$ cat target_23.pdb   # PDB, C-alpha atoms, pLDDT in the B column
MODEL        1
ATOM      1  CA  MET A  73      96.505 -52.546-109.409  1.00 38.00           C
ATOM      2  CA  PHE A  74      95.176 -49.692-111.564  1.00 40.00           C
ATOM      3  CA  GLY A  75      94.877 -47.420-108.527  1.00 47.00           C
ATOM      4  CA  GLU A  76      98.427 -48.213-107.406  1.00 48.00           C
ATOM      5  CA  GLU A  77      99.770 -47.391-110.884  1.00 49.00           C
ATOM      6  CA  ASN A  78      98.001 -43.999-110.864  1.00 50.00           C
ATOM      7  CA  TYR A  79      99.393 -43.305-107.382  1.00 45.00           C
ATOM      8  CA  LEU A  80     102.941 -44.071-108.574  1.00 45.00           C
ATOM      9  CA  ASN A  81     102.506 -41.849-111.631  1.00 49.00           C
ATOM     10  CA  LYS A  82     101.273 -39.026-109.384  1.00 48.00           C
ATOM     11  CA  LEU A  83     104.375 -39.348-107.201  1.00 46.00           C
ATOM     12  CA  LYS A  84     106.712 -39.182-110.185  1.00 53.00           C
ATOM     13  CA  LYS A  85     105.114 -35.884-111.077  1.00 72.00           C
ATOM     14  CA  MET A  86     105.034 -34.554-107.506  1.00 86.00           C
ATOM     15  CA  LYS A  87     107.024 -31.345-107.040  1.00 92.00           C
ATOM     16  CA  ILE A  88     108.277 -30.277-103.635  1.00 93.00           C
ATOM     17  CA  GLY A  89     109.295 -26.630-103.486  1.00 94.00           C
ATOM     18  CA  ILE A  90     112.035 -25.511-101.109  1.00 95.00           C
ATOM     19  CA  PHE A  91     111.409 -21.942 -99.944  1.00 96.00           C
ATOM     20  CA  GLY A  92     113.196 -19.618 -97.550  1.00 96.00           C
ATOM     21  CA  LYS A  93     115.273 -16.483 -97.427  1.00 96.00           C
ATOM     22  CA  ARG A  94     118.735 -16.342 -98.948  1.00 93.00           C
ATOM     23  CA  SER A  95     121.270 -18.312 -96.875  1.00 91.00           C
ATOM     24  CA  SER A  96     118.525 -20.203 -95.016  1.00 95.00           C
ATOM     25  CA  GLY A  97     119.971 -23.561 -96.064  1.00 93.00           C
ATOM     26  CA  LYS A  98     117.732 -24.472 -99.022  1.00 92.00           C
ATOM     27  CA  SER A  99     120.473 -25.975-101.199  1.00 89.00           C
ATOM     28  CA  ALA A 100     122.136 -27.626 -98.209  1.00 91.00           C
ATOM     29  CA  LEU A 101     118.840 -29.287 -97.261  1.00 92.00           C
ATOM     30  CA  ILE A 102     118.336 -30.615-100.784  1.00 88.00           C
ATOM     31  CA  ASN A 103     121.878 -31.953-100.832  1.00 86.00           C
ATOM     32  CA  ALA A 104     121.368 -33.605 -97.418  1.00 88.00           C
ATOM     33  CA  LEU A 105     118.132 -35.230 -98.606  1.00 87.00           C
ATOM     34  CA  LEU A 106     119.952 -36.433-101.726  1.00 82.00           C
ATOM     35  CA  GLY A 107     122.939 -37.655 -99.703  1.00 80.00           C
ATOM     36  CA  ILE A 108     125.347 -35.159-101.298  1.00 76.00           C
ATOM     37  CA  ASP A 109     127.938 -33.385 -99.147  1.00 67.00           C
ATOM     38  CA  ALA A 110     128.777 -30.524-101.508  1.00 57.00           C
ATOM     39  CA  VAL A 111     126.653 -27.420-101.226  1.00 49.00           C
ATOM     40  CA  GLU A 112     125.585 -25.893-104.516  1.00 50.00           C
ATOM     41  CA  ILE A 113     124.625 -22.251-104.391  1.00 53.00           C
ATOM     42  CA  SER A 114     123.029 -20.813-107.484  1.00 54.00           C
ATOM     43  CA  GLU A 115     122.675 -17.212-108.511  1.00 55.00           C
ATOM     44  CA  THR A 116     120.470 -18.106-111.457  1.00 51.00           C
ATOM     45  CA  THR A 117     116.995 -16.695-111.873  1.00 52.00           C
ATOM     46  CA  GLU A 118     115.595 -20.110-112.743  1.00 57.00           C
ATOM     47  CA  PRO A 119     114.622 -22.635-110.085  1.00 62.00           C
ATOM     48  CA  ILE A 120     116.783 -25.762-109.935  1.00 66.00           C
ATOM     49  CA  TYR A 121     115.032 -29.136-110.250  1.00 62.00           C
ATOM     50  CA  LYS A 122     116.458 -32.330-108.732  1.00 70.00           C
ATOM     51  CA  ALA A 123     114.826 -35.758-108.699  1.00 70.00           C
ATOM     52  CA  MET A 124     115.025 -38.092-105.743  1.00 71.00           C
ATOM     53  CA  ASP A 125     113.370 -41.132-104.237  1.00 74.00           C
ATOM     54  CA  ILE A 126     111.924 -40.829-100.758  1.00 72.00           C
ATOM     55  CA  LYS A 127     111.615 -44.202 -99.062  1.00 67.00           C
ATOM     56  CA  GLY A 128     107.940 -44.875 -98.569  1.00 67.00           C
ATOM     57  CA  LEU A 129     106.960 -42.252-101.141  1.00 68.00           C
ATOM     58  CA  GLY A 130     108.900 -42.883-104.337  1.00 77.00           C
ATOM     59  CA  ALA A 131     110.215 -40.524-106.986  1.00 83.00           C
ATOM     60  CA  VAL A 132     109.642 -36.798-106.497  1.00 87.00           C
ATOM     61  CA  THR A 133     111.153 -33.607-107.874  1.00 89.00           C
ATOM     62  CA  LEU A 134     112.721 -31.116-105.477  1.00 88.00           C
ATOM     63  CA  VAL A 135     112.628 -27.502-106.634  1.00 89.00           C
ATOM     64  CA  ASP A 136     115.267 -25.164-105.187  1.00 89.00           C
ATOM     65  CA  THR A 137     113.946 -21.591-105.402  1.00 90.00           C
ATOM     66  CA  ALA A 138     115.543 -18.178-105.096  1.00 89.00           C
ATOM     67  CA  GLY A 139     115.424 -16.546-101.676  1.00 91.00           C
ATOM     68  CA  LEU A 140     112.114 -15.064-100.567  1.00 94.00           C
ATOM     69  CA  ASP A 141     114.039 -11.861 -99.867  1.00 93.00           C
ATOM     70  CA  SER A 142     115.222 -11.636-103.496  1.00 89.00           C
ATOM     71  CA  GLU A 143     113.976  -9.002-105.902  1.00 88.00           C
ATOM     72  CA  GLY A 144     113.128  -8.596-109.573  1.00 90.00           C
ATOM     73  CA  LYS A 145     113.225 -11.646-111.830  1.00 90.00           C
ATOM     74  CA  ARG A 146     114.410 -13.942-109.041  1.00 87.00           C
ATOM     75  CA  ILE A 147     111.385 -13.358-106.776  1.00 90.00           C
ATOM     76  CA  LYS A 148     109.043 -13.404-109.796  1.00 90.00           C
ATOM     77  CA  LYS A 149     110.327 -16.900-110.673  1.00 89.00           C
ATOM     78  CA  THR A 150     109.886 -18.003-107.056  1.00 91.00           C
ATOM     79  CA  GLN A 151     106.289 -16.772-107.159  1.00 91.00           C
ATOM     80  CA  GLU A 152     105.681 -18.662-110.419  1.00 90.00           C
ATOM     81  CA  THR A 153     107.249 -21.805-108.974  1.00 90.00           C
ATOM     82  CA  ALA A 154     104.951 -21.570-105.940  1.00 91.00           C
ATOM     83  CA  GLU A 155     102.010 -22.060-108.302  1.00 92.00           C
ATOM     84  CA  GLU A 156     103.484 -25.312-109.719  1.00 91.00           C
ATOM     85  CA  ILE A 157     104.357 -27.248-106.577  1.00 94.00           C
ATOM     86  CA  ASP A 158     102.444 -29.874-104.634  1.00 94.00           C
ATOM     87  CA  ILE A 159     104.164 -29.471-101.241  1.00 95.00           C
ATOM     88  CA  ALA A 160     106.181 -26.553 -99.862  1.00 97.00           C
ATOM     89  CA  LEU A 161     109.060 -26.825 -97.417  1.00 97.00           C
ATOM     90  CA  MET A 162     109.476 -23.419 -95.751  1.00 98.00           C
ATOM     91  CA  LEU A 163     112.926 -22.949 -94.222  1.00 98.00           C
ATOM     92  CA  ILE A 164     113.227 -20.513 -91.337  1.00 98.00           C
ATOM     93  CA  ALA A 165     116.725 -19.770 -90.100  1.00 96.00           C
ATOM     94  CA  ASN A 166     116.350 -16.772 -87.761  1.00 94.00           C
ATOM     95  CA  ASP A 167     113.919 -14.956 -85.474  1.00 92.00           C
ATOM     96  CA  SER A 168     112.708 -12.597 -88.197  1.00 94.00           C
ATOM     97  CA  ILE A 169     109.856 -14.799 -89.450  1.00 96.00           C
ATOM     98  CA  GLU A 170     107.316 -12.335 -90.859  1.00 97.00           C
ATOM     99  CA  LEU A 171     108.201 -12.956 -94.511  1.00 97.00           C
ATOM    100  CA  GLU A 172     108.088 -16.743 -94.104  1.00 97.00           C
ATOM    101  CA  LEU A 173     104.748 -16.533 -92.264  1.00 97.00           C
ATOM    102  CA  ALA A 174     103.303 -14.413 -95.078  1.00 97.00           C
ATOM    103  CA  TRP A 175     104.411 -17.049 -97.602  1.00 97.00           C
ATOM    104  CA  ILE A 176     103.001 -19.878 -95.476  1.00 97.00           C
ATOM    105  CA  SER A 177      99.666 -18.056 -95.435  1.00 96.00           C
ATOM    106  CA  ARG A 178      99.818 -17.453 -99.186  1.00 96.00           C
ATOM    107  CA  LEU A 179     100.598 -21.119 -99.924  1.00 96.00           C
ATOM    108  CA  ASN A 180      97.854 -22.283 -97.548  1.00 95.00           C
ATOM    109  CA  ARG A 181      95.311 -20.075 -99.336  1.00 95.00           C
ATOM    110  CA  ALA A 182      96.372 -21.719-102.619  1.00 94.00           C
ATOM    111  CA  GLY A 183      95.745 -25.140-101.061  1.00 94.00           C
ATOM    112  CA  THR A 184      99.422 -26.144-100.976  1.00 96.00           C
ATOM    113  CA  PRO A 185     100.510 -28.147 -97.928  1.00 96.00           C
ATOM    114  CA  VAL A 186     103.371 -26.373 -96.141  1.00 97.00           C
ATOM    115  CA  ILE A 187     105.931 -27.942 -93.825  1.00 98.00           C
ATOM    116  CA  PRO A 188     107.732 -25.284 -91.766  1.00 98.00           C
ATOM    117  CA  ILE A 189     111.364 -26.144 -91.064  1.00 98.00           C
ATOM    118  CA  VAL A 190     113.617 -24.458 -88.550  1.00 98.00           C
ATOM    119  CA  SER A 191     116.864 -24.926 -90.436  1.00 97.00           C
ATOM    120  CA  GLN A 192     120.486 -24.732 -89.370  1.00 97.00           C
ATOM    121  CA  ILE A 193     119.571 -25.703 -85.804  1.00 97.00           C
ATOM    122  CA  ASP A 194     123.248 -26.373 -85.099  1.00 95.00           C
ATOM    123  CA  LYS A 195     123.644 -22.551 -85.022  1.00 95.00           C
ATOM    124  CA  PHE A 196     121.109 -22.111 -82.188  1.00 96.00           C
ATOM    125  CA  SER A 197     122.028 -22.528 -78.508  1.00 95.00           C
ATOM    126  CA  ASP A 198     118.704 -24.343 -77.921  1.00 97.00           C
ATOM    127  CA  ASP A 199     118.737 -26.327 -81.202  1.00 96.00           C
ATOM    128  CA  GLY A 200     115.985 -24.062 -82.559  1.00 97.00           C
ATOM    129  CA  LYS A 201     113.358 -25.051 -79.974  1.00 97.00           C
ATOM    130  CA  HIS A 202     112.349 -21.452 -79.183  1.00 97.00           C
ATOM    131  CA  LEU A 203     112.035 -20.557 -82.875  1.00 98.00           C
ATOM    132  CA  ALA A 204     110.036 -23.740 -83.584  1.00 98.00           C
ATOM    133  CA  ALA A 205     107.629 -22.802 -80.779  1.00 98.00           C
ATOM    134  CA  ALA A 206     107.264 -19.268 -82.194  1.00 97.00           C
ATOM    135  CA  VAL A 207     106.535 -20.663 -85.675  1.00 97.00           C
ATOM    136  CA  ARG A 208     103.922 -23.044 -84.264  1.00 97.00           C
ATOM    137  CA  GLU A 209     102.263 -20.265 -82.286  1.00 97.00           C
ATOM    138  CA  ALA A 210     102.172 -17.895 -85.267  1.00 96.00           C
ATOM    139  CA  SER A 211     101.244 -20.397 -88.011  1.00 96.00           C
ATOM    140  CA  GLY A 212      99.480 -23.205 -86.158  1.00 95.00           C
ATOM    141  CA  LYS A 213     101.902 -25.649 -87.797  1.00 95.00           C
ATOM    142  CA  LYS A 214     104.531 -27.793 -86.129  1.00 96.00           C
ATOM    143  CA  ALA A 215     108.003 -26.854 -87.363  1.00 97.00           C
ATOM    144  CA  ILE A 216     110.488 -29.647 -88.029  1.00 98.00           C
ATOM    145  CA  ARG A 217     113.937 -28.801 -86.627  1.00 98.00           C
ATOM    146  CA  VAL A 218     116.694 -29.717 -89.102  1.00 97.00           C
ATOM    147  CA  SER A 219     120.444 -29.451 -89.477  1.00 96.00           C
ATOM    148  CA  ALA A 220     121.548 -30.445 -92.971  1.00 93.00           C
ATOM    149  CA  LYS A 221     125.164 -30.139 -91.831  1.00 91.00           C
ATOM    150  CA  GLN A 222     124.753 -32.587 -88.944  1.00 93.00           C
ATOM    151  CA  LYS A 223     122.043 -34.693 -90.662  1.00 92.00           C
ATOM    152  CA  ILE A 224     119.568 -34.011 -87.826  1.00 95.00           C
ATOM    153  CA  GLY A 225     115.816 -34.140 -88.411  1.00 97.00           C
ATOM    154  CA  LEU A 226     115.971 -35.517 -91.959  1.00 94.00           C
ATOM    155  CA  ASP A 227     114.061 -38.718 -91.139  1.00 93.00           C
ATOM    156  CA  GLU A 228     111.331 -36.743 -89.377  1.00 96.00           C
ATOM    157  CA  LEU A 229     111.138 -34.414 -92.383  1.00 95.00           C
ATOM    158  CA  ARG A 230     110.794 -37.354 -94.787  1.00 92.00           C
ATOM    159  CA  LYS A 231     107.940 -38.742 -92.653  1.00 92.00           C
ATOM    160  CA  GLU A 232     106.197 -35.361 -92.677  1.00 95.00           C
ATOM    161  CA  ILE A 233     106.574 -35.127 -96.466  1.00 92.00           C
ATOM    162  CA  ILE A 234     104.963 -38.569 -96.809  1.00 90.00           C
ATOM    163  CA  LYS A 235     102.064 -37.506 -94.537  1.00 91.00           C
ATOM    164  CA  SER A 236     101.534 -34.350 -96.596  1.00 91.00           C
ATOM    165  CA  ALA A 237     101.622 -36.299 -99.870  1.00 87.00           C
ATOM    166  CA  GLU A 238      98.968 -38.719 -98.645  1.00 82.00           C
ATOM    167  CA  LYS A 239      96.454 -35.932 -97.942  1.00 74.00           C
TER
ENDMDL
END

$ encode --input "target_23.pdb" --output "structure tokens"
Amino acid sequence: MFGEENYLNKLKKMKIGIFGKRSSGKSALINALLGIDAVEISETTEPIYKAMDIKGLGAVTLVDTAGLDSEGKRIKKTQETAEEIDIALMLIANDSIELELAWISRLNRAGTPVIPIVSQIDKFSDDGKHLAAAVREASGKKAIRVSAKQKIGLDELRKEIIKSAEK
């Protein structure tokens, strides 16, 4: 019982950071995971924190960060947030993946589990399969293909989050 209580307390404190370039679908993914249709886009420097329950995992905090391609105070806050999180979701929305790969490497070196996500797959003619294969080849990690708009891949993403939290 004591161990289970500590596990539940850990989950309540677990922070999942959502990373990606501007317009990669970070806020849309959070809203889809929360079951909200409206897309909130923030121009604030500060990360946005939202709490949610993931079935099979419990209460977690999702942290919506500024785009990786931001500058100044916005990217500085994203870098600071990267040091606070327990799991990183890295959204990749186009073929230019060098910046995301650099961040995946950086987070891995810090010991943070990273789940690559090919986002907005409804915009790809092949549902993002080619990009997912390129991400896997370059990072060694399987990319989850997700469309927040069409609610595709969300269950698989939740399962991957649970697996990462259990490690």

$ closest_residue --input "target_23.pdb" --among "A:Asp141, A:Glu152, A:Asp198, A:Glu170" --to "Ser211 of chain A" --atoms "only C-alpha atoms"
A:Glu170

$ resolve_selection --input "target_23.pdb" --expression "the PyMOL selection byres ((chain A and resi 185-197) around 7)" --output "list in words"
Ser96, Gly97, Ile159, Ala160, Leu161, Met162, Leu163, Ile164, Ala165, Ile176, Asn180, Gly183, Thr184, Asp198, Asp199, Gly200, Ala204, Lys214, Ala215, Ile216, Arg217, Val218, Ser219, Ala220 and Ser236 of chain A

$ residues_around --input "target_23.pdb" --residues "Ile88 of chain A" --least-positions-apart "5" --cutoff "9 Å" --atoms "only C-alpha atoms" --output "list in words"
Val132, Thr133, Leu134, Val135, Asp136, Ile157, Asp158, Ile159, Ala160, Leu161 and Ile233 of chain A

$ write_last_selection --input "target_23.pdb" --atoms "C-alpha atoms" --output "PDB file, keeping the file's coordinate frame"
ATOM      1  CA  VAL A 132     109.642 -36.798-106.497  1.00 87.00           C
ATOM      2  CA  THR A 133     111.153 -33.607-107.874  1.00 89.00           C
ATOM      3  CA  LEU A 134     112.721 -31.116-105.477  1.00 88.00           C
ATOM      4  CA  VAL A 135     112.628 -27.502-106.634  1.00 89.00           C
ATOM      5  CA  ASP A 136     115.267 -25.164-105.187  1.00 89.00           C
ATOM      6  CA  ILE A 157     104.357 -27.248-106.577  1.00 94.00           C
ATOM      7  CA  ASP A 158     102.444 -29.874-104.634  1.00 94.00           C
ATOM      8  CA  ILE A 159     104.164 -29.471-101.241  1.00 95.00           C
ATOM      9  CA  ALA A 160     106.181 -26.553 -99.862  1.00 97.00           C
ATOM     10  CA  LEU A 161     109.060 -26.825 -97.417  1.00 97.00           C
ATOM     11  CA  ILE A 233     106.574 -35.127 -96.466  1.00 92.00           C
TER      12      ILE A 233
END

$ closest_residue --input "target_23.pdb" --among "A:Ile126, A:Asn166, A:Gly107, A:Ala182" --to "Lys201 of chain A" --atoms "only C-alpha atoms"
A:Asn166

$ atom_distance --input "target_23.pdb" --atom1 "atom CA of Ile102 of chain A" --atom2 "atom CA of Glu155 of chain A"
19.9 Å

$ decode --input "target_23.pdb" --residues "segment 78-204 of chain A" --atoms "C-alpha atoms" --output "compact mmCIF listing (two decimals), in the first residue's frame"
# COMPACT_ATOMS: atom_id res chain seq x y z
CA ASN A 78 4.27 6.87 -3.45
CA TYR A 79 3.68 5.85 -7.08
CA LEU A 80 0.45 7.87 -7.19
CA ASN A 81 2.16 10.90 -5.65
CA LYS A 82 4.93 10.63 -8.25
CA LEU A 83 2.36 10.63 -11.06
CA LYS A 84 0.63 13.73 -9.72
CA LYS A 85 3.95 15.51 -9.92
CA MET A 86 4.90 14.08 -13.33
CA LYS A 87 5.42 16.75 -15.99
CA ILE A 88 5.17 15.93 -19.68
CA GLY A 89 6.71 18.58 -21.91
CA ILE A 90 5.34 19.16 -25.40
CA PHE A 91 8.11 20.32 -27.74
CA GLY A 92 8.23 21.16 -31.43
CA LYS A 93 8.63 24.04 -33.82
CA ARG A 94 6.03 26.78 -34.07
CA SER A 95 2.85 25.56 -35.79
CA SER A 96 3.78 21.89 -35.28
CA GLY A 97 0.52 21.20 -33.46
CA LYS A 98 1.63 21.35 -29.80
CA SER A 99 -1.46 23.13 -28.48
CA ALA A 100 -3.76 21.10 -30.72
CA LEU A 101 -2.27 17.87 -29.38
CA ILE A 102 -2.77 18.97 -25.78
CA ASN A 103 -6.35 19.94 -26.52
CA ALA A 104 -6.97 16.57 -28.24
CA LEU A 105 -5.52 14.70 -25.25
CA LEU A 106 -7.73 16.79 -22.95
CA GLY A 107 -10.79 16.28 -25.17
CA ILE A 108 -11.07 19.99 -26.04
CA ASP A 109 -11.92 21.04 -29.60
CA ALA A 110 -10.77 24.66 -29.41
CA VAL A 111 -7.15 25.33 -30.24
CA GLU A 112 -5.39 27.76 -27.94
CA ILE A 113 -2.33 29.43 -29.36
CA SER A 114 -0.22 31.42 -26.96
CA GLU A 115 2.33 34.08 -27.69
CA THR A 116 3.43 34.25 -24.07
CA THR A 117 7.00 33.65 -23.02
CA GLU A 118 5.90 31.40 -20.18
CA PRO A 119 5.07 27.73 -20.70
CA ILE A 120 1.42 26.80 -20.22
CA TYR A 121 0.61 24.06 -17.69
CA LYS A 122 -2.50 21.87 -17.96
CA ALA A 123 -3.43 18.94 -15.73
CA MET A 124 -5.03 15.80 -17.04
CA ASP A 125 -5.67 12.19 -16.15
CA ILE A 126 -4.33 9.51 -18.46
CA LYS A 127 -6.22 6.25 -18.09
CA GLY A 128 -3.81 3.71 -16.70
CA LEU A 129 -1.41 6.41 -15.51
CA GLY A 130 -3.34 8.95 -13.47
CA ALA A 131 -2.89 12.68 -13.01
CA VAL A 132 -0.07 14.38 -14.91
CA THR A 133 0.78 17.93 -15.92
CA LEU A 134 1.19 18.76 -19.60
CA VAL A 135 3.55 21.64 -20.35
CA ASP A 136 3.02 23.49 -23.64
CA THR A 137 6.31 25.15 -24.61
CA ALA A 138 7.26 27.85 -27.09
CA GLY A 139 8.43 26.69 -30.51
CA LEU A 140 11.94 25.27 -30.75
CA ASP A 141 12.50 27.75 -33.57
CA SER A 142 11.69 30.71 -31.29
CA GLU A 143 14.30 33.19 -30.13
CA GLY A 144 15.17 35.27 -27.09
CA LYS A 145 13.13 34.84 -23.92
CA ARG A 146 10.78 32.31 -25.51
CA ILE A 147 13.51 29.77 -26.37
CA LYS A 148 15.25 30.44 -23.03
CA LYS A 149 12.03 29.47 -21.21
CA THR A 150 11.71 26.35 -23.37
CA GLN A 151 15.26 25.38 -22.43
CA GLU A 152 14.49 25.93 -18.74
CA THR A 153 11.30 23.89 -19.03
CA ALA A 154 13.25 21.03 -20.61
CA GLU A 155 15.18 20.72 -17.35
CA GLU A 156 11.96 20.33 -15.30
CA ILE A 157 10.09 17.65 -17.22
CA ASP A 158 9.91 13.90 -16.75
CA ILE A 159 8.88 12.91 -20.30
CA ALA A 160 9.20 14.85 -23.56
CA LEU A 161 6.84 14.61 -26.51
CA MET A 162 8.70 15.88 -29.59
CA LEU A 163 6.36 16.94 -32.39
CA ILE A 164 7.71 16.81 -35.92
CA ALA A 165 5.50 18.24 -38.64
CA ASN A 166 7.73 18.45 -41.74
CA ASP A 167 10.78 16.95 -43.42
CA SER A 168 13.19 19.47 -41.90
CA ILE A 169 13.97 17.47 -38.74
CA GLU A 170 17.48 18.59 -37.77
CA LEU A 171 16.36 20.89 -34.96
CA GLU A 172 14.04 18.26 -33.46
CA LEU A 173 16.77 15.60 -33.68
CA ALA A 174 19.20 17.91 -31.88
CA TRP A 175 16.64 18.40 -29.09
CA ILE A 176 15.95 14.66 -28.88
CA SER A 177 19.68 14.10 -28.44
CA ARG A 178 19.91 16.85 -25.82
CA LEU A 179 16.96 15.44 -23.83
CA ASN A 180 18.37 11.91 -24.07
CA ARG A 181 21.71 13.10 -22.68
CA ALA A 182 19.81 14.64 -19.74
CA GLY A 183 18.13 11.27 -19.12
CA THR A 184 14.66 12.43 -20.18
CA PRO A 185 12.58 9.87 -22.08
CA VAL A 186 11.52 11.28 -25.46
CA ILE A 187 8.58 10.16 -27.57
CA PRO A 188 8.90 11.42 -31.16
CA ILE A 189 5.56 12.27 -32.76
CA VAL A 190 4.93 12.87 -36.43
CA SER A 191 2.11 15.36 -36.01
CA GLN A 192 -0.55 16.62 -38.39
CA ILE A 193 -0.42 13.38 -40.38
CA ASP A 194 -3.67 14.36 -42.09
CA LYS A 195 -1.55 16.85 -44.10
CA PHE A 196 0.72 14.12 -45.53
CA SER A 197 -0.21 12.05 -48.60
CA ASP A 198 1.20 8.93 -46.89
CA ASP A 199 -0.12 9.75 -43.38
CA GLY A 200 3.43 10.60 -42.28
CA LYS A 201 4.85 7.10 -42.81
CA HIS A 202 7.93 8.32 -44.71
CA LEU A 203 8.70 10.98 -42.10
CA ALA A 204 8.20 8.48 -39.25
